[in-house]
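File shown: final.txt (compact mmCIF, C-alpha atoms).
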```txt
# COMPACT_ATOMS: atom_id res chain seq x y z
CA MET A 295 58.32 147.33 -109.71
CA PHE A 296 62.06 147.99 -109.89
CA PRO A 297 63.57 145.84 -112.64
CA GLU A 298 67.22 146.56 -111.94
CA PHE A 299 67.46 144.04 -109.11
CA ALA A 300 70.16 141.38 -108.94
CA THR A 301 72.57 143.70 -110.65
CA CYS A 302 74.66 146.70 -109.73
CA PRO A 303 73.71 149.50 -112.14
CA MET A 304 77.36 150.59 -112.60
CA THR A 305 79.67 149.23 -115.25
CA GLU A 306 82.65 147.20 -114.08
CA GLN A 307 85.02 150.01 -115.08
CA LYS A 308 82.96 152.64 -113.28
CA LEU A 309 82.72 150.50 -110.14
CA LEU A 310 86.48 150.03 -110.10
CA ASP A 311 87.11 153.72 -110.70
CA GLU A 312 84.79 154.67 -107.86
CA TYR A 313 85.55 151.99 -105.26
CA PHE A 314 88.97 150.44 -105.88
CA ILE A 315 91.00 152.87 -103.75
CA GLU A 316 88.84 152.54 -100.64
CA ASN A 317 88.89 148.75 -100.87
CA ARG A 318 92.66 148.75 -101.41
CA THR A 319 92.81 150.72 -98.16
CA ARG A 320 90.66 148.12 -96.38
CA LEU A 321 92.97 145.36 -97.56
CA LEU A 322 95.99 147.23 -96.19
CA GLU A 323 94.18 147.72 -92.87
CA ILE A 324 93.82 143.94 -92.58
CA ALA A 325 97.47 143.38 -93.51
CA ALA A 326 98.58 145.93 -90.92
CA PHE A 327 96.30 144.34 -88.29
CA LEU A 328 97.93 140.95 -88.90
CA ASP A 329 101.40 142.52 -88.70
CA ARG A 330 100.38 144.18 -85.43
CA LEU A 331 99.24 140.84 -84.04
CA ASP A 332 102.69 139.45 -84.85
CA ARG A 333 104.29 142.25 -82.84
CA THR A 334 102.18 141.75 -79.71
CA GLN A 335 103.56 140.64 -76.36
CA GLU A 336 102.69 137.34 -74.67
CA GLN A 337 101.33 135.53 -77.69
CA GLY A 338 99.27 132.38 -77.14
CA SER A 339 100.57 128.98 -78.19
CA SER A 340 97.64 128.44 -80.55
CA PRO A 341 95.58 130.96 -82.51
CA ASP A 342 92.60 132.57 -80.82
CA PHE A 343 89.26 131.08 -82.01
CA ARG A 344 88.39 134.37 -83.67
CA MET A 345 91.62 134.43 -85.65
CA ARG A 346 91.15 130.84 -86.77
CA ALA A 347 87.85 131.91 -88.34
CA PHE A 348 89.47 135.06 -89.67
CA PHE A 349 92.19 133.12 -91.50
CA GLN A 350 89.60 130.71 -92.88
CA ALA A 351 87.75 133.72 -94.24
CA LEU A 352 90.90 135.08 -95.87
CA GLU A 353 91.58 131.71 -97.50
CA PHE A 354 88.00 131.64 -98.73
CA LEU A 355 88.34 135.09 -100.30
CA SER A 356 91.39 134.02 -102.28
CA ARG A 357 89.25 131.47 -104.09
CA SER A 358 86.75 132.47 -106.73
CA ALA A 359 83.23 132.19 -105.33
CA GLU A 360 79.74 133.64 -105.39
CA ASN A 361 77.95 135.29 -102.48
CA ARG A 362 81.22 135.87 -100.68
CA ALA A 363 79.72 138.13 -98.00
CA GLU A 364 77.02 135.60 -97.13
CA GLN A 365 79.50 132.76 -96.95
CA ILE A 366 81.94 134.73 -94.79
CA GLN A 367 79.04 135.49 -92.44
CA MET A 368 78.36 131.76 -92.15
CA LEU A 369 82.04 131.03 -91.41
CA PHE A 370 81.75 133.18 -88.28
CA SER A 371 78.29 131.90 -87.27
CA ASP A 372 77.21 129.46 -84.57
CA PRO A 373 76.21 126.33 -86.52
CA THR A 374 74.25 124.72 -83.66
CA THR A 375 70.46 124.64 -83.63
CA GLU A 376 69.36 124.21 -80.00
CA PRO A 377 68.95 127.14 -77.59
CA LEU A 378 71.65 127.57 -74.92
CA GLU A 379 70.60 126.05 -71.60
CA ALA A 380 71.98 129.03 -69.67
CA LEU A 381 73.43 132.43 -70.33
CA ASN A 382 77.24 132.16 -70.28
CA GLN A 383 78.11 135.69 -71.36
CA LYS A 384 76.14 138.81 -72.20
CA SER A 385 77.71 139.74 -75.53
CA ALA A 386 78.73 138.04 -78.75
CA ARG A 387 82.44 138.00 -79.57
CA GLY A 388 82.51 137.94 -83.36
CA ALA A 389 83.12 134.26 -84.10
CA TYR A 390 81.66 131.00 -82.88
CA HIS A 391 83.69 129.38 -80.11
CA GLU A 392 83.04 125.70 -79.77
CA VAL A 393 83.60 124.64 -76.14
CA MET B 105 64.78 163.79 -99.57
CA GLU B 106 62.28 162.94 -96.82
CA TYR B 107 62.95 159.80 -94.83
CA ILE B 108 61.69 157.85 -91.83
CA ASP B 109 64.24 156.33 -89.48
CA MET B 110 62.50 153.07 -88.62
CA HIS B 111 64.85 152.23 -85.74
CA ALA B 112 66.48 154.95 -83.65
CA HIS B 113 67.15 154.99 -79.90
CA MET B 114 66.75 158.70 -79.50
CA VAL B 115 66.80 158.74 -75.69
CA SER B 116 70.52 158.06 -76.10
CA ARG B 117 71.08 160.96 -78.49
CA THR B 118 71.44 164.69 -78.04
CA THR B 119 69.16 167.34 -79.46
CA ASP B 120 71.99 168.16 -81.88
CA ASP B 121 71.32 164.76 -83.44
CA TYR B 122 67.63 165.58 -83.87
CA TYR B 123 68.76 168.79 -85.54
CA GLN B 124 71.08 166.96 -87.97
CA MET B 125 68.39 164.39 -88.73
CA ALA B 126 65.85 167.12 -89.43
CA LEU B 127 68.31 168.96 -91.67
CA THR B 128 68.87 165.79 -93.69
CA GLY B 129 65.15 165.16 -94.25
CA CYS B 130 64.01 163.00 -91.34
CA VAL B 131 60.28 163.46 -90.76
CA ALA B 132 59.61 160.59 -88.34
CA VAL B 133 61.45 158.14 -86.12
CA SER B 134 60.34 154.90 -84.54
CA GLU B 135 62.07 154.11 -81.28
CA PRO B 136 62.06 150.53 -79.96
CA ALA B 137 62.44 149.95 -76.24
CA PHE B 138 66.04 149.03 -75.64
CA TRP B 139 68.80 148.03 -73.25
CA ALA B 140 70.34 150.95 -71.38
CA GLY B 141 73.83 149.46 -71.55
CA TRP B 142 73.40 148.13 -68.03
CA ASP B 143 70.67 146.00 -66.47
CA ARG B 144 67.87 147.86 -64.73
CA SER B 145 67.33 146.93 -61.10
CA SER B 146 63.53 146.92 -61.03
CA ALA B 147 60.41 146.77 -63.18
CA ASP B 148 59.62 150.28 -62.00
CA GLY B 149 62.81 151.40 -63.73
CA PHE B 150 61.32 150.10 -66.97
CA ALA B 151 58.05 151.89 -66.29
CA ASP B 152 59.95 155.16 -65.93
CA TYR B 153 61.70 154.44 -69.25
CA PHE B 154 58.33 153.78 -70.91
CA ARG B 155 57.13 157.16 -69.67
CA GLN B 156 60.22 158.74 -71.19
CA LEU B 157 59.41 157.07 -74.52
CA THR B 158 55.75 158.06 -74.51
CA GLU B 159 55.78 161.48 -72.86
CA PHE B 160 59.17 163.19 -72.92
CA GLU B 161 60.76 162.00 -76.17
CA PRO B 162 57.88 162.90 -78.52
CA ASN B 163 58.06 166.49 -77.30
CA ARG B 164 61.81 166.64 -77.86
CA ALA B 165 61.37 165.32 -81.42
CA ARG B 166 58.51 167.70 -82.13
CA GLN B 167 60.79 170.69 -81.61
CA TYR B 168 62.62 169.60 -84.76
CA GLY B 169 59.56 168.80 -86.83
CA ILE B 170 60.03 165.06 -86.37
CA ARG B 171 57.19 162.71 -85.43
CA HIS B 172 58.17 160.26 -82.71
CA TYR B 173 56.74 156.73 -82.48
CA THR B 174 57.78 154.04 -80.06
CA TRP B 175 57.54 150.37 -79.10
CA MET B 176 57.15 148.70 -75.70
CA CYS B 177 58.99 145.67 -74.32
CA LEU B 178 61.71 144.29 -72.12
CA ASN B 179 64.66 144.13 -74.49
CA PRO B 180 66.50 140.88 -75.40
CA LYS B 181 69.64 141.81 -73.43
CA GLU B 182 67.66 141.52 -70.19
CA ALA B 183 65.28 138.80 -71.37
CA ASP B 184 67.15 135.96 -69.70
CA ASN B 185 65.85 137.25 -66.36
CA ARG B 186 62.43 135.59 -66.34
CA GLU B 187 61.27 137.09 -63.07
CA MET B 188 62.04 140.61 -64.28
CA ALA B 189 60.44 139.86 -67.64
CA ARG B 190 57.16 138.82 -66.05
CA ALA B 191 57.10 141.94 -63.88
CA VAL B 192 57.84 144.24 -66.84
CA LEU B 193 55.32 142.59 -69.15
CA ALA B 194 52.61 143.19 -66.55
CA ARG B 195 53.33 146.93 -66.79
CA ILE B 196 53.21 147.17 -70.60
CA PRO B 197 49.46 147.00 -71.48
CA LYS B 198 48.59 150.39 -70.02
CA PHE B 199 51.14 152.02 -72.35
CA LEU B 200 49.79 150.37 -75.51
CA THR B 201 46.92 152.82 -75.85
CA HIS B 202 49.27 155.80 -75.93
CA PRO B 203 49.03 157.65 -79.25
CA ASN B 204 52.71 157.20 -80.19
CA VAL B 205 52.99 153.49 -79.30
CA VAL B 206 52.89 151.43 -82.49
CA GLY B 207 53.56 147.96 -81.12
CA ILE B 208 55.68 145.50 -79.13
CA GLY B 209 59.43 145.66 -79.70
CA GLU B 210 62.25 145.27 -80.06
CA ILE B 211 61.82 141.80 -78.66
CA GLY B 212 63.73 138.64 -79.49
CA LEU B 213 66.93 136.85 -78.63
CA ASN B 214 70.36 138.01 -77.51
CA ARG B 215 72.50 134.90 -76.89
CA ASN B 216 69.79 132.42 -77.91
CA THR B 217 69.10 130.99 -74.44
CA ARG B 218 66.01 129.03 -73.43
CA ASN B 219 64.97 131.79 -71.02
CA GLU B 220 65.28 134.42 -73.75
CA LEU B 221 63.13 132.27 -76.00
CA GLU B 222 60.44 131.98 -73.32
CA THR B 223 60.45 135.74 -72.76
CA PHE B 224 60.20 136.23 -76.51
CA LYS B 225 57.12 133.98 -76.62
CA ASP B 226 55.55 135.92 -73.74
CA HIS B 227 55.96 139.13 -75.72
CA VAL B 228 54.54 137.57 -78.89
CA GLU B 229 51.48 136.41 -76.97
CA LEU B 230 51.06 139.88 -75.49
CA ALA B 231 51.23 141.39 -78.99
CA VAL B 232 48.70 138.91 -80.35
CA GLU B 233 46.37 139.49 -77.43
CA HIS B 234 46.44 143.26 -77.96
CA GLU B 235 46.63 143.13 -81.79
CA GLN B 236 49.95 144.95 -81.89
CA LEU B 237 52.60 145.18 -84.58
CA ILE B 238 55.81 143.35 -83.64
CA LEU B 239 59.38 144.56 -84.08
CA ILE B 240 62.07 141.94 -83.54
CA HIS B 241 65.75 142.30 -82.71
CA THR B 242 68.04 139.57 -84.02
CA PRO B 243 71.27 138.69 -82.18
CA HIS B 244 74.69 140.05 -82.92
CA LEU B 245 77.60 138.63 -84.87
CA GLU B 246 78.08 134.85 -84.53
CA ASP B 247 74.69 134.47 -82.84
CA LYS B 248 72.66 136.13 -85.59
CA TYR B 249 72.06 133.22 -87.94
CA LYS B 250 70.97 130.79 -85.25
CA GLY B 251 68.89 133.43 -83.49
CA THR B 252 67.14 134.50 -86.66
CA ARG B 253 66.30 130.90 -87.49
CA LEU B 254 64.93 130.27 -83.99
CA THR B 255 62.90 133.47 -84.27
CA VAL B 256 61.37 132.58 -87.63
CA GLU B 257 60.56 129.03 -86.49
CA THR B 258 58.97 130.27 -83.28
CA LEU B 259 56.80 132.81 -85.08
CA GLN B 260 55.70 130.20 -87.60
CA SER B 261 54.40 128.06 -84.73
CA TYR B 262 51.75 130.72 -83.97
CA GLU B 263 48.69 130.45 -86.18
CA ARG B 264 47.53 133.94 -85.16
CA ILE B 265 50.72 135.69 -86.27
CA LYS B 266 50.33 137.59 -89.51
CA PRO B 267 53.79 137.88 -91.09
CA HIS B 268 53.03 141.22 -92.74
CA ARG B 269 52.58 142.71 -89.26
CA VAL B 270 56.03 141.59 -88.07
CA LEU B 271 59.39 143.19 -88.89
CA ILE B 272 62.49 141.11 -88.13
CA ASP B 273 65.31 143.61 -87.83
CA HIS B 274 69.11 143.74 -88.10
CA ALA B 275 69.14 141.43 -91.13
CA GLU B 276 72.44 140.81 -92.88
CA GLU B 277 73.57 138.92 -95.95
CA HIS B 278 73.04 135.48 -94.41
CA THR B 279 69.63 136.10 -92.81
CA VAL B 280 67.70 138.42 -95.12
CA LYS B 281 66.46 135.69 -97.45
CA MET B 282 65.06 133.42 -94.74
CA ILE B 283 63.11 136.37 -93.28
CA LEU B 284 61.65 137.55 -96.58
CA ASP B 285 60.88 134.03 -97.79
CA ALA B 286 58.78 133.50 -94.64
CA GLY B 287 56.69 136.57 -95.52
CA PHE B 288 57.94 138.92 -92.79
CA TRP B 289 59.19 142.47 -93.19
CA THR B 290 62.84 142.99 -92.49
CA GLY B 291 65.19 145.80 -91.57
CA ILE B 292 68.80 146.55 -92.31
CA THR B 293 70.55 148.60 -89.64
CA LEU B 294 73.57 150.70 -90.51
CA TYR B 295 76.42 150.53 -88.03
CA PRO B 296 80.03 151.60 -88.43
CA ASN B 297 81.41 148.31 -87.05
CA THR B 298 79.05 145.60 -85.95
CA LYS B 299 76.24 145.39 -88.49
CA VAL B 300 75.85 146.59 -92.09
CA SER B 301 77.55 149.49 -93.88
CA ALA B 302 75.71 151.75 -96.32
CA GLN B 303 77.50 150.00 -99.19
CA ARG B 304 76.51 146.50 -98.03
CA ALA B 305 72.93 147.68 -97.43
CA ALA B 306 72.80 148.88 -101.03
CA ASP B 307 74.18 145.50 -102.12
CA ILE B 308 71.42 143.71 -100.20
CA ILE B 309 68.76 145.86 -101.86
CA GLU B 310 70.29 145.12 -105.26
CA MET B 311 70.31 141.38 -104.57
CA HIS B 312 66.99 140.95 -102.75
CA GLY B 313 64.82 143.78 -104.01
CA ALA B 314 63.13 146.65 -102.21
CA GLU B 315 59.88 145.07 -101.08
CA ARG B 316 59.32 144.65 -97.33
CA ILE B 317 62.78 146.02 -96.51
CA CYS B 318 63.47 149.09 -94.38
CA VAL B 319 66.84 150.71 -93.72
CA ALA B 320 67.52 152.44 -90.40
CA SER B 321 70.33 153.99 -88.38
CA ALA B 322 69.56 152.10 -85.15
CA CYS B 323 71.53 154.90 -83.52
CA ASP B 324 71.97 154.37 -79.79
CA TRP B 325 74.50 155.02 -77.03
CA GLY B 326 77.28 153.08 -78.80
CA PRO B 327 79.20 153.78 -82.01
CA SER B 328 76.41 154.66 -84.45
CA VAL B 329 75.44 157.43 -86.84
CA PRO B 330 72.09 159.24 -86.55
CA VAL B 331 72.27 160.38 -90.18
CA ALA B 332 73.11 156.91 -91.50
CA VAL B 333 69.89 156.73 -93.55
CA PRO B 334 70.75 159.73 -95.76
CA GLN B 335 74.26 158.27 -96.06
CA PHE B 336 72.64 155.11 -97.42
CA ALA B 337 70.57 157.23 -99.83
CA LEU B 338 73.77 158.89 -101.02
CA GLU B 339 75.38 155.50 -101.63
CA MET B 340 72.37 154.39 -103.68
CA ARG B 341 72.53 157.64 -105.66
CA ARG B 342 76.30 157.23 -106.17
CA ARG B 343 75.60 153.91 -107.90
CA GLY B 344 72.96 155.39 -110.16
CA HIS B 345 69.81 154.05 -108.52
CA SER B 346 66.65 156.05 -109.13
CA GLU B 347 65.23 158.58 -106.70
CA GLU B 348 61.99 156.59 -106.88
CA LEU B 349 63.71 153.45 -105.63
CA ILE B 350 65.54 155.30 -102.85
CA ARG B 351 62.31 156.92 -101.64
CA HIS B 352 60.59 153.54 -101.73
CA VAL B 353 63.15 152.12 -99.28
CA ILE B 354 63.63 155.02 -96.89
CA PHE B 355 60.15 156.53 -96.83
CA GLU B 356 57.36 154.48 -98.39
CA ASN B 357 58.34 151.12 -96.90
CA PRO B 358 58.53 152.26 -93.25
CA ALA B 359 55.37 154.33 -93.75
CA GLU B 360 53.54 151.28 -95.09
CA PHE B 361 54.68 149.03 -92.26
CA LEU B 362 54.06 151.53 -89.47
CA GLY B 363 50.76 152.55 -91.07
CA GLN B 364 49.35 149.17 -90.10
CA SER B 365 49.36 150.35 -86.48
CA GLY B 366 46.51 152.74 -87.15
CA LYS B 367 48.42 155.43 -85.26
CA PHE B 368 51.19 156.39 -87.65
CA GLU B 369 50.73 159.68 -89.42
CA LEU B 370 53.13 162.21 -90.80
CA ALA B 371 53.27 165.86 -89.97
CA PRO B 372 52.24 168.39 -92.62
CA LYS B 373 55.09 169.27 -94.97
CA GLN B 374 57.82 171.05 -93.05
CA SER B 375 58.43 174.60 -94.18
CA LYS B 376 59.03 176.41 -90.95
CA THR B 377 62.13 176.98 -88.90
CA LEU B 378 63.63 174.04 -87.09
CA GLY B 379 64.37 173.82 -83.43
CA THR B 380 62.48 176.93 -82.51
CA ALA B 381 61.45 175.81 -79.04
CA ALA B 382 64.32 175.93 -76.63
CA THR B 383 63.89 173.57 -73.71
CA VAL B 384 65.88 174.31 -70.60
CA ASN B 385 67.31 171.12 -69.18
```
Could you render the structure from this file as structure tokens?
Amino acid sequence: MFPEFATCPMTEQKLLDEYFIENRTRLLEIAAFLDRLDRTQEQGSSPDFRMRAFFQALEFLSRSAENRAEQIQMLFSDPTTEPLEALNQKSARGAYHEV
Amino acid sequence: MEYIDMHAHMVSRTTDDYYQMALTGCVAVSEPAFWAGWDRSSADGFADYFRQLTEFEPNRARQYGIRHYTWMCLNPKEADNREMARAVLARIPKFLTHPNVVGIGEIGLNRNTRNELETFKDHVELAVEHEQLILIHTPHLEDKYKGTRLTVETLQSYERIKPHRVLIDHAEEHTVKMILDAGFWTGITLYPNTKVSAQRAADIIEMHGAERICVASACDWGPSVPVAVPQFALEMRRRGHSEELIRHVIFENPAEFLGQSGKFELAPKQSKTLGTAATVN
């Protein structure tokens, strides 16, 4: 019904003109967040499980790849298949924590 | 442009939000039963909430020319409590005949526990027994992929489940394909932080097509935007997508899915003043 699927209807130049600045801003937000982490008090001896996944995601982004968003989602996801035997916490925390 | 917000927790929102939604073209909302942000202490507390969804909220929406539809369930956040789930499920059938109740939802998993899975199955059986549409929540963040897979597998174990009568919601880049490939409807919910942005929702439509996909605000008591659907429409327009395609996603798709309930209908075209009836709180 709608034949334009699998593509973005904008040209590369138009997409960059429209969206580059806001994504540059997002990149700087991440850089500033990492700097802020470095300036925190009472840092742990090893990286938090969420930051380990975060840095893996950043490494992944620096490589050329397809379906980046989907693959980043999987980096943060619980890879196990069986239901939890009991509820250990009410809310998700953003990255899988193997215990 | 007219739109239907397929997933909006309006009991958490002010009348100002109804006003903004009406101004931006919202003609109908569907409100799944939800977690209040804290666990209710009794099944009677749920029954009171169900009365709010079926009696009070439709009147509030009507003042702004918006049709209000709703879903009944014990939500996934409280589904690990099996005793409470059984007590709440026993109270649901009498609400299913209400004219604005379109099905069972939003049911499903939260942290993917065995108890949550059993409560999910209880709800599915209730829906099958009463021939109700089903709306399914999928877990947050790192739990989403596993929870969506468990949900799809569980539904596929029921011979009486018709996939076209089930919408599996809160899909993201890594779950949308498995839902659509199994024949279910899916929903993309637009959140500022925890789910999908308007830009990523437009990406998903571009990559997976516009059939059996709805886009909703899922506005609730947390950080969320009640006019997120028109923001998505604006993003689609910004990229040069056709008005026909945008309408298909934000109006025709939810109307088609909800229409299967036999209860969903839209109000006559709005041309009168909005918010004319002032309710004193």
Would you list the contacts of stretch 332-348 of chain A as a list in words, taking every protein, DNA or RNA residue within 9 Å and counting all atoms listed in the file, but skipping same-chain residues closer than 3 positions in sequence?
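What passes the distance filter is Phe327, Leu328, Asp329, Ala351, Leu352, Glu353, Leu369, Phe370, Arg387, Gly388, Ala389, Tyr390, His391 and Glu392 of chain A.
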Tell me, in Å to one decimal, how far atom CA of B:Asp152 is from atom CA of B:Met176.
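Atom-to-atom, atom CA of B:Asp152 to atom CA of B:Met176, that is 12.0 Å.
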Radius query 12 Å about (66.4, 135.3, -82.6), atoms used: all atoms listed in the file, as an NGL selection string:
(:A and (375-377)) or (:B and (180-181 or 183 or 210-218 or 220-225 or 239-259 or 272-275 or 279 or 283))
I'd like the interatomic distance between atom CA of B:Val206 and atom CA of B:Glu277, to a tenth of an Å.
27.7 Å
Could you please tell me, as number ranges by chain, which residues of chain A have an atom within 12 Å of chain B when using all atoms listed in the file?
A: 295-306, 308-313, 316-317, 344, 347, 361-392
For the residues selected in the previous step, produce a file with C-alpha atoms as a compact mmCIF listing (two decimals), in the coordinates of the input.
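Below is the file that was written, part-v8.txt:
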```txt
# COMPACT_ATOMS: atom_id res chain seq x y z
CA MET A 295 58.32 147.33 -109.71
CA PHE A 296 62.06 147.99 -109.89
CA PRO A 297 63.57 145.84 -112.64
CA GLU A 298 67.22 146.56 -111.94
CA PHE A 299 67.46 144.04 -109.11
CA ALA A 300 70.16 141.38 -108.94
CA THR A 301 72.57 143.70 -110.65
CA CYS A 302 74.66 146.70 -109.73
CA PRO A 303 73.71 149.50 -112.14
CA MET A 304 77.36 150.59 -112.60
CA THR A 305 79.67 149.23 -115.25
CA GLU A 306 82.65 147.20 -114.08
CA LYS A 308 82.96 152.64 -113.28
CA LEU A 309 82.72 150.50 -110.14
CA LEU A 310 86.48 150.03 -110.10
CA ASP A 311 87.11 153.72 -110.70
CA GLU A 312 84.79 154.67 -107.86
CA TYR A 313 85.55 151.99 -105.26
CA GLU A 316 88.84 152.54 -100.64
CA ASN A 317 88.89 148.75 -100.87
CA ARG A 344 88.39 134.37 -83.67
CA ALA A 347 87.85 131.91 -88.34
CA ASN A 361 77.95 135.29 -102.48
CA ARG A 362 81.22 135.87 -100.68
CA ALA A 363 79.72 138.13 -98.00
CA GLU A 364 77.02 135.60 -97.13
CA GLN A 365 79.50 132.76 -96.95
CA ILE A 366 81.94 134.73 -94.79
CA GLN A 367 79.04 135.49 -92.44
CA MET A 368 78.36 131.76 -92.15
CA LEU A 369 82.04 131.03 -91.41
CA PHE A 370 81.75 133.18 -88.28
CA SER A 371 78.29 131.90 -87.27
CA ASP A 372 77.21 129.46 -84.57
CA PRO A 373 76.21 126.33 -86.52
CA THR A 374 74.25 124.72 -83.66
CA THR A 375 70.46 124.64 -83.63
CA GLU A 376 69.36 124.21 -80.00
CA PRO A 377 68.95 127.14 -77.59
CA LEU A 378 71.65 127.57 -74.92
CA GLU A 379 70.60 126.05 -71.60
CA ALA A 380 71.98 129.03 -69.67
CA LEU A 381 73.43 132.43 -70.33
CA ASN A 382 77.24 132.16 -70.28
CA GLN A 383 78.11 135.69 -71.36
CA LYS A 384 76.14 138.81 -72.20
CA SER A 385 77.71 139.74 -75.53
CA ALA A 386 78.73 138.04 -78.75
CA ARG A 387 82.44 138.00 -79.57
CA GLY A 388 82.51 137.94 -83.36
CA ALA A 389 83.12 134.26 -84.10
CA TYR A 390 81.66 131.00 -82.88
CA HIS A 391 83.69 129.38 -80.11
CA GLU A 392 83.04 125.70 -79.77
```
Atom CA of B:Glu360 and atom CA of B:Ala231 are how many Å apart?
19.0 Å
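The closest residue to B:Arg171, picked from B:Val131, B:Pro358, B:Thr290, B:Asp121 and counting all atoms listed in the file, is B:Val131.
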B:Ile265 environment, 12 Å, all atoms listed in the file, sequence neighbours closer than 3 positions dropped, as a list of chain:residue names:
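My list of contacting residues is B:Lys225, B:Val228, B:Glu229, B:Leu230, B:Ala231, B:Val232, B:Glu233, B:Glu235, B:Gln236, B:Leu237, B:Ile238, B:Val256, B:Glu257, B:Thr258, B:Leu259, B:Gln260, B:Ser261, B:Tyr262, B:His268, B:Arg269, B:Val270, B:Leu271, B:Ala286, B:Gly287, B:Phe288.
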Mind writing the picked residues with C-alpha atoms as an mmCIF file, in the frame of the given file?
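Saved file again-v3.cif follows:
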```
data_model
loop_
_atom_site.group_PDB
_atom_site.id
_atom_site.type_symbol
_atom_site.label_atom_id
_atom_site.label_comp_id
_atom_site.auth_asym_id
_atom_site.auth_seq_id
_atom_site.Cartn_x
_atom_site.Cartn_y
_atom_site.Cartn_z
ATOM 1 C CA LYS B 225 57.120 133.980 -76.620
ATOM 2 C CA VAL B 228 54.540 137.570 -78.890
ATOM 3 C CA GLU B 229 51.480 136.410 -76.970
ATOM 4 C CA LEU B 230 51.060 139.880 -75.490
ATOM 5 C CA ALA B 231 51.230 141.390 -78.990
ATOM 6 C CA VAL B 232 48.700 138.910 -80.350
ATOM 7 C CA GLU B 233 46.370 139.490 -77.430
ATOM 8 C CA GLU B 235 46.630 143.130 -81.790
ATOM 9 C CA GLN B 236 49.950 144.950 -81.890
ATOM 10 C CA LEU B 237 52.600 145.180 -84.580
ATOM 11 C CA ILE B 238 55.810 143.350 -83.640
ATOM 12 C CA VAL B 256 61.370 132.580 -87.630
ATOM 13 C CA GLU B 257 60.560 129.030 -86.490
ATOM 14 C CA THR B 258 58.970 130.270 -83.280
ATOM 15 C CA LEU B 259 56.800 132.810 -85.080
ATOM 16 C CA GLN B 260 55.700 130.200 -87.600
ATOM 17 C CA SER B 261 54.400 128.060 -84.730
ATOM 18 C CA TYR B 262 51.750 130.720 -83.970
ATOM 19 C CA HIS B 268 53.030 141.220 -92.740
ATOM 20 C CA ARG B 269 52.580 142.710 -89.260
ATOM 21 C CA VAL B 270 56.030 141.590 -88.070
ATOM 22 C CA LEU B 271 59.390 143.190 -88.890
ATOM 23 C CA ALA B 286 58.780 133.500 -94.640
ATOM 24 C CA GLY B 287 56.690 136.570 -95.520
ATOM 25 C CA PHE B 288 57.940 138.920 -92.790
#
```
Please identify all polymer residues within 6 Å of stretch 332-338 of chain B, counting all atoms listed in the file, omitting same-chain residues fewer than 5 positions from it, and present them as a PDB file with C-alpha atoms, keeping the file's coordinate frame.
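Final output, part18.pdb:
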```
ATOM      1  CA  ALA B 302      75.710 151.750 -96.320  1.00  0.00           C
ATOM      2  CA  ALA B 320      67.520 152.440 -90.400  1.00  0.00           C
ATOM      3  CA  SER B 321      70.330 153.990 -88.380  1.00  0.00           C
TER       4      SER B 321
END
```
